[in-house]
$ cat my_file31.tsv   # TSV, C-alpha atoms
chain	number	residue	atom	x	y	z
A	1	ASP	CA	0.00	0.00	0.00
A	2	HIS	CA	1.76	3.13	-1.23
A	3	ASP	CA	-0.21	5.30	1.24
A	4	HIS	CA	1.58	3.73	4.22
A	5	TYR	CA	4.95	4.82	5.57
A	6	LEU	CA	5.94	1.19	6.28
A	7	SER	CA	7.21	-1.23	3.66
A	8	PRO	CA	5.91	-4.85	3.66
A	9	SER	CA	8.91	-5.83	5.73
A	10	GLY	CA	8.18	-3.17	8.32
A	11	ALA	CA	11.14	-0.98	7.42
A	12	VAL	CA	10.49	2.75	7.00
A	13	THR	CA	10.66	3.92	3.41
A	14	MET	CA	12.64	7.13	3.92
A	15	SER	CA	12.18	8.41	0.39
A	16	LYS	CA	8.41	8.31	0.77
A	17	ILE	CA	8.57	10.09	4.11
A	18	SER	CA	10.84	12.77	2.65
A	19	ASN	CA	8.55	13.32	-0.32
A	20	ARG	CA	5.49	13.55	1.89
A	21	ARG	CA	7.18	16.01	4.24
A	22	ARG	CA	8.23	18.22	1.35
A	23	SER	CA	4.71	18.09	-0.07
A	24	ARG	CA	3.10	18.99	3.25
A	25	MET	CA	5.59	21.80	3.85
A	26	PHE	CA	4.99	23.19	0.37
A	27	ASN	CA	1.22	23.13	0.84
A	28	ARG	CA	1.50	24.71	4.26
A	29	HIS	CA	3.68	27.55	2.96
A	30	LYS	CA	1.37	28.04	0.00
A	31	ILE	CA	-1.65	28.45	2.28
A	32	ILE	CA	0.21	30.88	4.54
A	33	TRP	CA	1.23	33.09	1.62
A	34	LEU	CA	-2.28	32.99	0.17
A	35	VAL	CA	-3.74	34.11	3.49
A	36	ILE	CA	-1.17	36.91	3.84
A	37	ALA	CA	-1.84	38.12	0.30
A	38	ALA	CA	-5.59	37.99	0.81
A	39	LEU	CA	-5.33	39.85	4.10
A	40	CYS	CA	-3.21	42.61	2.59
A	41	LEU	CA	-5.63	43.04	-0.29
A	42	HIS	CA	-8.62	42.98	2.05
A	43	VAL	CA	-7.15	45.69	4.28
A	44	SER	CA	-6.21	47.79	1.25
A	45	LEU	CA	-9.72	47.58	-0.14
A	46	SER	CA	-11.08	48.73	3.20
A	47	TYR	CA	-9.47	52.11	2.60
A	48	VAL	CA	-9.07	52.43	-1.15
A	49	VAL	CA	-12.14	53.49	-3.04
A	50	ILE	CA	-12.71	51.54	-6.24
A	51	PRO	CA	-12.80	54.10	-9.07
A	52	ARG	CA	-16.24	54.80	-10.38
A	53	HIS	CA	-17.36	55.62	-13.89
A	54	LYS	CA	-17.53	59.24	-14.94
A	55	SER	CA	-21.28	58.94	-15.00
A	56	SER	CA	-22.70	59.44	-11.50
A	57	LYS	CA	-26.32	58.84	-12.37
A	58	LEU	CA	-28.18	56.88	-9.77
A	59	GLU	CA	-29.35	54.26	-12.24
A	60	SER	CA	-25.75	53.25	-13.00
A	61	GLN	CA	-24.95	52.52	-9.35
A	62	PRO	CA	-26.32	48.98	-8.91
A	63	GLU	CA	-23.99	47.51	-11.51
A	64	SER	CA	-20.88	49.18	-10.07
A	65	ILE	CA	-21.90	48.33	-6.53
A	66	ALA	CA	-22.38	44.70	-7.50
A	67	ARG	CA	-18.96	44.65	-9.19
A	68	GLU	CA	-17.36	46.05	-6.02
A	69	ALA	CA	-19.12	43.42	-3.94
A	70	ARG	CA	-17.89	40.63	-6.23
A	71	VAL	CA	-14.34	41.80	-5.65
A	72	ILE	CA	-14.52	42.28	-1.88
A	73	ALA	CA	-16.80	39.43	-0.83
A	74	PRO	CA	-14.56	36.48	-1.82
A	75	ILE	CA	-11.60	38.09	-0.10
A	76	SER	CA	-13.63	38.68	3.07
A	77	ILE	CA	-14.73	35.05	3.06
A	78	LEU	CA	-11.18	33.78	2.53
A	79	THR	CA	-9.73	35.88	5.33
A	80	SER	CA	-12.54	34.95	7.68
A	81	LEU	CA	-11.86	31.26	7.10
A	82	PHE	CA	-8.23	31.47	8.15
A	83	LEU	CA	-8.32	34.50	10.44
A	84	PRO	CA	-11.10	34.21	13.03
A	85	GLN	CA	-12.19	37.23	15.06
A	86	VAL	CA	-9.96	37.81	18.04
A	87	SER	CA	-10.17	40.29	20.87
A	88	VAL	CA	-7.98	43.35	20.54
A	89	ALA	CA	-6.76	45.32	23.52
A	90	VAL	CA	-4.33	48.17	23.98
A	91	GLU	CA	-1.19	46.85	25.64
A	92	THR	CA	-1.08	48.01	29.25
A	93	LYS	CA	2.07	46.33	30.54
A	94	GLY	CA	4.70	48.96	31.18
A	95	THR	CA	2.70	51.81	29.62
A	96	ALA	CA	0.98	54.40	31.79
A	97	PHE	CA	-1.15	55.47	28.82
A	98	GLY	CA	-2.64	52.01	28.47
A	99	VAL	CA	-3.38	51.69	32.17
A	100	ALA	CA	-5.21	55.04	32.24
A	101	LEU	CA	-7.03	54.25	29.00
A	102	ASN	CA	-8.43	50.95	30.26
A	103	LYS	CA	-9.28	52.42	33.66
A	104	TYR	CA	-11.21	55.47	32.51
A	105	PHE	CA	-12.34	54.46	29.01
A	106	PRO	CA	-12.81	50.68	29.05
A	107	GLY	CA	-13.23	49.07	25.66
A	108	ALA	CA	-11.43	51.86	23.81
A	109	LEU	CA	-9.43	50.60	20.82
A	110	PRO	CA	-7.00	52.06	18.27
A	111	THR	CA	-8.81	54.07	15.60
A	112	SER	CA	-7.51	51.77	12.85
A	113	VAL	CA	-9.27	48.80	14.47
A	114	ILE	CA	-12.49	50.75	15.00
A	115	GLY	CA	-12.35	52.18	11.48
A	116	ARG	CA	-12.11	48.77	9.81
A	117	ARG	CA	-15.12	47.45	11.71
A	118	ILE	CA	-17.26	50.48	10.92
A	119	VAL	CA	-16.38	50.36	7.23
A	120	GLU	CA	-17.18	46.66	7.03
A	121	VAL	CA	-20.57	47.08	8.71
A	122	LEU	CA	-21.57	50.10	6.65
A	123	ARG	CA	-20.50	48.55	3.37
A	124	ASN	CA	-22.71	45.62	4.21
A	125	ARG	CA	-25.51	48.19	4.55
A	126	ASN	CA	-24.72	49.52	1.07
A	127	TYR	CA	-22.86	52.68	2.10
A	128	ASN	CA	-20.53	53.56	-0.75
A	129	PRO	CA	-18.88	56.60	-2.41
A	130	ARG	CA	-21.80	57.06	-4.80
A	131	ASN	CA	-24.57	57.41	-2.23
A	132	SER	CA	-23.02	58.53	1.07
A	133	VAL	CA	-21.93	61.73	2.79
A	134	ILE	CA	-20.35	62.09	6.22
A	135	ALA	CA	-20.69	64.76	8.89
A	136	SER	CA	-18.65	65.10	12.05
A	137	SER	CA	-19.71	66.69	15.30
A	138	LEU	CA	-16.22	66.67	16.76
A	139	CYS	CA	-14.12	69.39	18.35
A	140	VAL	CA	-12.41	71.75	15.91
A	141	ASP	CA	-9.01	70.95	17.47
A	142	GLU	CA	-6.65	70.09	14.62
A	143	ILE	CA	-5.44	67.01	16.48
A	144	ASN	CA	-8.71	65.33	15.50
A	145	ASP	CA	-8.12	65.98	11.81
A	146	SER	CA	-4.84	64.17	11.10
A	147	HIS	CA	-4.48	61.68	8.24
A	148	THR	CA	-4.73	58.80	10.74
A	149	SER	CA	-7.82	60.15	12.53
A	150	LEU	CA	-10.97	58.05	12.58
A	151	ILE	CA	-13.06	60.54	10.64
A	152	LEU	CA	-10.57	60.71	7.77
A	153	GLN	CA	-10.29	56.92	7.65
A	154	LEU	CA	-14.07	56.77	7.18
A	155	GLU	CA	-13.96	59.56	4.61
A	156	ASN	CA	-11.33	57.76	2.51
A	157	ALA	CA	-13.31	54.52	2.55
A	158	LEU	CA	-16.90	55.66	2.18
A	159	VAL	CA	-17.15	58.92	0.24
A	160	ASP	CA	-16.05	60.30	-3.11
A	161	THR	CA	-13.01	62.22	-1.86
A	162	LYS	CA	-12.34	63.65	-5.31
A	163	ASN	CA	-15.46	65.78	-5.10
A	164	ILE	CA	-16.46	66.06	-1.43
A	165	GLY	CA	-15.07	65.90	2.07
A	166	ILE	CA	-16.47	66.02	5.59
A	167	PHE	CA	-19.34	68.31	6.57
A	168	HIS	CA	-18.35	69.82	9.92
A	169	LEU	CA	-21.19	70.22	12.39
A	170	GLY	CA	-19.01	70.60	15.46
A	171	GLY	CA	-17.55	73.68	17.06
A	172	LEU	CA	-15.78	73.95	20.40
A	173	GLY	CA	-15.88	70.70	22.35
A	174	GLY	CA	-17.63	68.91	19.50
A	175	LEU	CA	-21.06	70.45	20.08
A	176	PRO	CA	-23.04	70.83	16.80
A	177	PHE	CA	-23.23	74.61	16.93
A	178	VAL	CA	-24.24	74.80	13.24
A	179	GLY	CA	-27.78	74.27	14.49
A	180	VAL	CA	-30.83	73.17	12.55
A	181	THR	CA	-29.85	75.34	9.57
A	182	GLY	CA	-26.43	73.74	9.34
A	183	PHE	CA	-27.71	70.20	9.75
A	184	GLY	CA	-30.37	70.96	7.15
A	185	ALA	CA	-27.65	72.03	4.72
A	186	PHE	CA	-25.83	68.75	5.33
A	187	VAL	CA	-29.00	66.84	4.51
A	188	GLN	CA	-29.47	68.81	1.30
A	189	HIS	CA	-26.05	67.62	0.15
A	190	CYS	CA	-27.09	63.97	0.41
A	191	PRO	CA	-27.37	62.13	-2.94
A	192	ASP	CA	-30.91	61.24	-3.96
A	193	HIS	CA	-32.05	58.18	-2.00
A	194	GLY	CA	-28.69	58.33	-0.25
A	195	LYS	CA	-27.28	57.65	3.20
A	196	LEU	CA	-25.85	59.86	5.94
A	197	LEU	CA	-23.19	59.02	8.50
A	198	VAL	CA	-22.75	61.30	11.52
A	199	VAL	CA	-19.75	60.78	13.81
A	200	PHE	CA	-19.96	62.65	17.10
A	201	GLY	CA	-18.39	62.91	20.51
A	202	PRO	CA	-15.84	64.77	22.65
A	203	HIS	CA	-12.12	64.18	22.85
A	204	VAL	CA	-9.68	63.97	25.71
A	205	GLY	CA	-5.94	63.54	25.89
A	206	ILE	CA	-3.94	61.07	27.92
A	207	SER	CA	-0.26	61.87	28.29
A	208	GLU	CA	2.39	59.18	28.05
A	209	SER	CA	2.69	59.44	31.84
A	210	GLY	CA	-1.01	58.56	32.12
A	211	THR	CA	-2.39	62.01	33.03
A	212	LEU	CA	-5.87	62.79	31.66
A	213	GLY	CA	-6.52	66.02	29.78
A	214	LYS	CA	-2.89	66.49	28.69
A	215	ILE	CA	-0.86	65.71	25.56
A	216	LYS	CA	2.40	66.87	24.05
A	217	ARG	CA	1.95	68.38	20.60
A	218	ILE	CA	4.40	68.67	17.71
A	219	GLY	CA	7.23	71.15	18.35
A	220	MET	CA	6.24	71.87	21.96
A	221	GLU	CA	8.14	70.98	25.10
A	222	ALA	CA	5.24	71.57	27.49
A	223	GLU	CA	2.08	69.50	27.53
A	224	THR	CA	-1.17	71.23	26.54
A	225	ALA	CA	-4.84	70.64	27.25
A	226	SER	CA	-7.04	68.23	25.28
A	227	CYS	CA	-9.89	69.10	25.10
A	228	GLY	CA	-8.96	72.73	25.72
A	229	ALA	CA	-12.58	73.93	25.71
A	230	ALA	CA	-13.73	71.24	28.13
A	231	MET	CA	-10.75	71.79	30.45
A	232	ALA	CA	-11.34	75.58	30.42
A	233	ALA	CA	-15.01	75.04	31.25
A	234	TYR	CA	-13.99	72.66	34.05
A	235	ARG	CA	-11.69	75.29	35.54
A	236	ALA	CA	-14.35	77.99	35.24
A	237	ILE	CA	-16.99	75.86	36.96
A	238	THR	CA	-14.75	74.82	39.85
A	239	SER	CA	-13.32	78.32	40.29
A	240	ARG	CA	-14.90	80.29	43.10
A	241	THR	CA	-14.12	83.59	41.33
A	242	THR	CA	-16.19	82.99	38.19
A	243	LYS	CA	-18.95	85.57	37.89
A	244	LYS	CA	-22.12	84.96	35.93
A	245	SER	CA	-21.99	88.54	34.60
A	246	ASN	CA	-18.78	87.69	32.76
A	247	LEU	CA	-20.39	84.84	30.83
A	248	LYS	CA	-22.26	86.94	28.27
A	249	SER	CA	-20.35	87.92	25.15
A	250	ASP	CA	-20.94	87.44	21.45
A	251	LEU	CA	-17.19	87.01	21.05
A	252	ASP	CA	-17.11	83.73	22.99
A	253	PHE	CA	-20.67	82.42	22.90
A	254	GLN	CA	-19.69	78.78	22.24
A	255	GLN	CA	-17.51	78.53	25.33
A	256	GLU	CA	-20.12	80.34	27.40
A	257	TYR	CA	-22.75	77.85	26.28
A	258	ILE	CA	-20.49	74.95	27.30
A	259	ILE	CA	-19.81	76.42	30.75
A	260	GLU	CA	-23.45	77.20	31.45
A	261	ASN	CA	-24.82	73.83	30.34
A	262	LEU	CA	-21.96	71.69	31.61
A	263	GLU	CA	-22.36	73.21	35.07
A	264	LYS	CA	-25.98	72.03	35.16
A	265	LYS	CA	-24.82	68.45	34.60
A	266	LEU	CA	-21.86	68.48	36.94
A	267	LYS	CA	-23.61	70.02	39.95
A	268	LYS	CA	-21.15	69.61	42.85
A	269	LEU	CA	-18.04	68.86	40.82
A	270	ALA	CA	-15.80	69.88	43.71
A	271	ASP	CA	-16.85	66.74	45.58
A	272	GLU	CA	-15.57	64.58	42.72
A	273	GLU	CA	-12.11	66.13	43.02
A	274	GLN	CA	-11.62	64.29	46.31
A	275	THR	CA	-11.07	61.07	44.33
A	276	GLY	CA	-8.46	62.65	42.08
A	277	ASP	CA	-8.33	65.11	39.21
A	278	ASP	CA	-8.22	62.34	36.56
A	279	ASN	CA	-11.60	61.15	37.81
A	280	SER	CA	-12.97	64.66	37.41
A	281	ILE	CA	-11.69	64.99	33.85
A	282	ALA	CA	-13.14	61.60	32.91
A	283	LEU	CA	-16.46	62.74	34.38
A	284	VAL	CA	-16.32	66.05	32.48
A	285	THR	CA	-15.60	64.19	29.24
A	286	GLY	CA	-18.60	61.92	29.77
A	287	LYS	CA	-20.86	64.91	30.41
A	288	MET	CA	-19.54	66.59	27.27
A	289	TYR	CA	-20.67	63.49	25.37
A	290	ASP	CA	-24.15	63.92	26.86
A	291	LEU	CA	-24.27	67.60	25.83
A	292	ILE	CA	-23.31	66.77	22.24
A	293	LEU	CA	-25.80	63.91	22.01
A	294	GLU	CA	-28.69	66.01	23.34
A	295	MET	CA	-28.07	68.94	20.99
A	296	LEU	CA	-27.56	66.64	18.02
A	297	LYS	CA	-30.73	64.69	18.78
A	298	ASP	CA	-32.78	67.91	18.90
A	299	GLU	CA	-31.41	68.99	15.52
A	300	ILE	CA	-32.02	65.58	13.93
A	301	ASP	CA	-35.57	65.43	15.30
A	302	ALA	CA	-36.30	68.88	13.89
A	303	ILE	CA	-35.01	67.94	10.42
A	304	THR	CA	-36.35	64.39	10.09
A	305	SER	CA	-39.84	65.45	11.14
A	306	LYS	CA	-40.16	67.65	8.05
A	307	SER	CA	-42.44	66.41	5.29
A	308	GLY	CA	-40.67	64.48	2.55
A	309	PHE	CA	-37.40	63.97	4.45
A	310	TRP	CA	-37.35	60.18	4.05
A	311	GLU	CA	-38.09	60.49	0.34
A	312	LYS	CA	-34.58	61.87	-0.15
A	313	VAL	CA	-32.63	60.08	2.62
A	314	THR	CA	-32.96	56.33	3.11
A	315	GLU	CA	-30.86	55.94	6.27
A	316	ILE	CA	-28.86	57.86	8.87
A	317	THR	CA	-26.17	56.14	10.93
A	318	LEU	CA	-25.11	57.80	14.17
A	319	LEU	CA	-21.73	56.79	15.59
A	320	GLY	CA	-21.01	58.23	19.01
A	321	GLY	CA	-18.00	57.87	21.25
A	322	ILE	CA	-14.99	59.47	22.85
A	323	ILE	CA	-11.74	60.15	21.02
A	324	ILE	CA	-8.68	59.60	23.20
A	325	ASN	CA	-5.72	61.59	21.91
A	326	ARG	CA	-2.11	60.55	22.37
A	327	SER	CA	0.99	62.69	22.37
A	328	ALA	CA	2.71	63.15	19.02
A	329	SER	CA	5.31	60.48	19.80
A	330	GLY	CA	2.92	58.07	21.47
A	331	GLY	CA	1.15	56.34	18.58
A	332	GLU	CA	-2.33	56.40	17.10
A	333	ASP	CA	-5.37	57.74	18.90
A	334	CYS	CA	-8.02	55.47	20.38
A	335	PHE	CA	-11.81	55.56	20.29
A	336	GLN	CA	-14.30	54.40	22.90
A	337	ALA	CA	-17.45	53.54	20.94
A	338	LEU	CA	-20.53	54.28	23.05
A	339	SER	CA	-23.35	54.11	20.52
A	340	MET	CA	-23.99	53.13	16.90
A	341	LYS	CA	-27.54	53.18	15.59
A	342	THR	CA	-29.43	53.65	12.35
A	343	LEU	CA	-32.48	55.81	11.69
A	344	THR	CA	-34.91	55.06	8.87
A	345	ALA	CA	-38.49	55.97	7.98
A	346	THR	CA	-39.68	52.99	10.04
A	347	GLY	CA	-37.72	53.80	13.20
A	348	GLU	CA	-34.30	53.30	14.76
A	349	SER	CA	-32.22	50.25	15.58
A	350	SER	CA	-28.87	49.63	17.26
A	351	ILE	CA	-26.04	48.08	15.25
A	352	TYR	CA	-23.49	48.45	18.04
A	353	ASP	CA	-23.16	44.72	18.67
A	354	GLU	CA	-22.84	44.04	14.96
A	355	ALA	CA	-19.96	46.47	14.73
A	356	PHE	CA	-18.14	45.99	18.02
A	357	GLY	CA	-19.50	42.87	19.70
A	358	ALA	CA	-16.72	40.58	18.48
A	359	LEU	CA	-14.06	43.04	19.63
A	360	SER	CA	-15.36	43.22	23.17
A	361	LYS	CA	-15.34	39.46	23.79
$ encode --input "my_file31.tsv" --output "structure tokens"
Amino acid sequence: DHDHYLSPSGAVTMSKISNRRRSRMFNRHKIIWLVIAALCLHVSLSYVVIPRHKSSKLESQPESIAREARVIAPISILTSLFLPQVSVAVETKGTAFGVALNKYFPGALPTSVIGRRIVEVLRNRNYNPRNSVIASSLCVDEINDSHTSLILQLENALVDTKNIGIFHLGGLGGLPFVGVTGFGAFVQHCPDHGKLLVVFGPHVGISESGTLGKIKRIGMEAETASCGAAMAAYRAITSRTTKKSNLKSDLDFQQEYIIENLEKKLKKLADEEQTGDDNSIALVTGKMYDLILEMLKDEIDAITSKSGFWEKVTEITLLGGIIINRSASGGEDCFQALSMKTLTATGESSIYDEAFGALSK
């Protein structure tokens, strides 16, 4: 029997063993290289937009969308066969940043990890460069607008970057100060029967020494505040010298709004300081998230309640969370996803578990 390693006399046929070993080794290496190649292509396609035809008419979209799906789907299947979902966590051993991150913002992950999951989920929901526009209700701080930031990763993967970019709803602290008029303008820019993605939330720095609210920026020796607006509001609220009469000026109305409304949520913030300033800053950041969400919800309710809204827009996805900035030399930022839901003419539904459930296990 040529399939056995033993000859009729019981002696080992070394040539057969050698041939079999070489064959198994070759097959094993071939599979490894195929998986690596597929993974690289899959990751590339997550961020590279497949060129579309010059014609942008809506009726030409199904064919191009189907072609894109035929390219991406087999690769996704292949990588999923060999590369099962695994939990991802920021390394905490020996890094003060990681310890503080996991203590105050549990579940936060690098923006590249979060970005890939969001893109995958939204592409499965037919978000693509021909029918989607993105708005951000994030702080205007330039640190949130780098080429590795989450919002730009989503822009590169989901919108036609040749012709459009991000619609900015957010002002200081990430609050959508553009109001109903601004959000209405964003909606008017949506392709016919298109989809909207809104990314919102505050940001906060964590220094490499693990201190909340501080980062070191490019070309600066000293650490600076992140978020500056939230930290300034925090200082104003806890200061015993702040006078209400000084909080009325057209020159600084955004910051005044933050101070006035954040104070209502914080109440006796001085009591929280007894457990440490980092605890206070984490609390402030969480309350800033609540402020953004409430204002954004009011604007969305005002716009979506208008007659004919859902005849133009088929779906809105709201992605909310907290951006955790790192110092310039520290590595990529992280994102703590707190909410991801879709709104349609028939109601709203959460897709948080679909996007992030596997990462949290």
$ atom_distance --input "my_file31.tsv" --atom1 "CA of Ile351 in chain A" --atom2 "CA of Ile323 in chain A"
19.6 Å
$ closest_residue --input "my_file31.tsv" --among "A:Gly194, A:Gly320, A:Gly205, A:Gly173" --to "Leu101 in chain A" --atoms "all atoms listed in the file"
A:Gly205
$ closest_residue --input "my_file31.tsv" --among "A:Ile151, A:Ala135, A:Leu169, A:Cys334" --to "Ile292 in chain A" --atoms "only C-alpha atoms"
A:Leu169
$ residues_around --input "my_file31.tsv" --residues "Ala337 in chain A" --least-positions-apart "4" --cutoff "9 Å" --atoms "only C-alpha atoms" --output "PyMOL selection string"
chain A and resi 107-109+114+319-323+352+356
$ atom_distance --input "my_file31.tsv" --atom1 "CA of Val199 in chain A" --atom2 "CA of Glu263 in chain A"
24.8 Å
$ atom_distance --input "my_file31.tsv" --atom1 "CA of Gly210 in chain A" --atom2 "CA of Val113 in chain A"
21.8 Å
$ residues_around --input "my_file31.tsv" --residues "Leu212 in chain A" --least-positions-apart "3" --cutoff "7 Å" --atoms "all atoms listed in the file" --output "PDB file with C-alpha atoms, in the frame of the given file"
ATOM      1  CA  GLY A 205      -5.940  63.540  25.890  1.00  0.00           C
ATOM      2  CA  ILE A 206      -3.940  61.070  27.920  1.00  0.00           C
ATOM      3  CA  SER A 207      -0.260  61.870  28.290  1.00  0.00           C
ATOM      4  CA  ASP A 278      -8.220  62.340  36.560  1.00  0.00           C
ATOM      5  CA  ILE A 281     -11.690  64.990  33.850  1.00  0.00           C
TER       6      ILE A 281
END
$ residues_near_point --input "my_file31.tsv" --point "(-23.1, 50.1, 6.7)" --cutoff "12 Å" --atoms "all atoms listed in the file" --output "ChimeraX atom specification"
/A:115-129,131-132,154,157-158,195-197,315-319,340-342,351-352,354-355
$ closest_residue --input "my_file31.tsv" --among "A:Ile166, A:Leu138, A:Met295, A:Cys190" --to "Gln153 in chain A" --atoms "all atoms listed in the file"
A:Ile166
$ closest_residue --input "my_file31.tsv" --among "A:Lys162, A:Arg130, A:Lys265, A:Lys297" --to "Val198 in chain A" --atoms "only C-alpha atoms"
A:Lys297
$ closest_residue --input "my_file31.tsv" --among "A:Leu296, A:Val133, A:Ala229, A:Ile215" --to "Gly331 in chain A" --atoms "all atoms listed in the file"
A:Ile215
$ closest_residue --input "my_file31.tsv" --among "A:Asp250, A:Ser136, A:Phe97, A:Gln336" --to "Val178 in chain A" --atoms "all atoms listed in the file"
A:Ser136
$ decode --input "my_file31.tsv" --residues "range 290-308 of chain A" --atoms "N, CA and C atoms" --output "tab-separated table (two decimals), in the first residue's frame"
chain	number	residue	atom	x	y	z
A	290	ASP	N	-22.71	63.76	26.68
A	290	ASP	CA	-24.15	63.92	26.86
A	290	ASP	C	-24.65	65.22	26.24
A	291	LEU	N	-23.88	66.32	26.41
A	291	LEU	CA	-24.27	67.60	25.83
A	291	LEU	C	-24.35	67.51	24.31
A	292	ILE	N	-23.34	66.90	23.70
A	292	ILE	CA	-23.31	66.77	22.24
A	292	ILE	C	-24.49	65.94	21.76
A	293	LEU	N	-24.72	64.81	22.41
A	293	LEU	CA	-25.80	63.91	22.01
A	293	LEU	C	-27.16	64.61	22.09
A	294	GLU	N	-27.40	65.35	23.17
A	294	GLU	CA	-28.69	66.01	23.34
A	294	GLU	C	-28.92	67.07	22.28
A	295	MET	N	-27.91	67.90	22.01
A	295	MET	CA	-28.07	68.94	20.99
A	295	MET	C	-28.25	68.33	19.61
A	296	LEU	N	-27.47	67.30	19.32
A	296	LEU	CA	-27.56	66.64	18.02
A	296	LEU	C	-28.92	65.99	17.83
A	297	LYS	N	-29.43	65.35	18.87
A	297	LYS	CA	-30.73	64.69	18.78
A	297	LYS	C	-31.82	65.71	18.49
A	298	ASP	N	-31.78	66.87	19.14
A	298	ASP	CA	-32.78	67.91	18.90
A	298	ASP	C	-32.74	68.38	17.44
A	299	GLU	N	-31.54	68.54	16.90
A	299	GLU	CA	-31.41	68.99	15.52
A	299	GLU	C	-31.92	67.93	14.55
A	300	ILE	N	-31.58	66.67	14.81
A	300	ILE	CA	-32.02	65.58	13.93
A	300	ILE	C	-33.54	65.44	13.98
A	301	ASP	N	-34.12	65.52	15.17
A	301	ASP	CA	-35.57	65.43	15.30
A	301	ASP	C	-36.26	66.55	14.52
A	302	ALA	N	-35.70	67.74	14.59
A	302	ALA	CA	-36.30	68.88	13.89
A	302	ALA	C	-36.26	68.69	12.37
A	303	ILE	N	-35.17	68.10	11.87
A	303	ILE	CA	-35.01	67.94	10.42
A	303	ILE	C	-35.80	66.74	9.90
A	304	THR	N	-35.70	65.60	10.60
A	304	THR	CA	-36.35	64.39	10.09
A	304	THR	C	-37.87	64.45	10.19
A	305	SER	N	-38.38	65.34	11.01
A	305	SER	CA	-39.84	65.45	11.14
A	305	SER	C	-40.45	66.25	10.00
A	306	LYS	N	-39.63	66.87	9.17
A	306	LYS	CA	-40.16	67.65	8.05
A	306	LYS	C	-40.72	66.74	6.97
A	307	SER	N	-41.77	67.20	6.33
A	307	SER	CA	-42.44	66.41	5.29
A	307	SER	C	-41.49	66.12	4.13
A	308	GLY	N	-41.46	64.86	3.70
A	308	GLY	CA	-40.67	64.48	2.55
A	308	GLY	C	-39.23	64.14	2.84
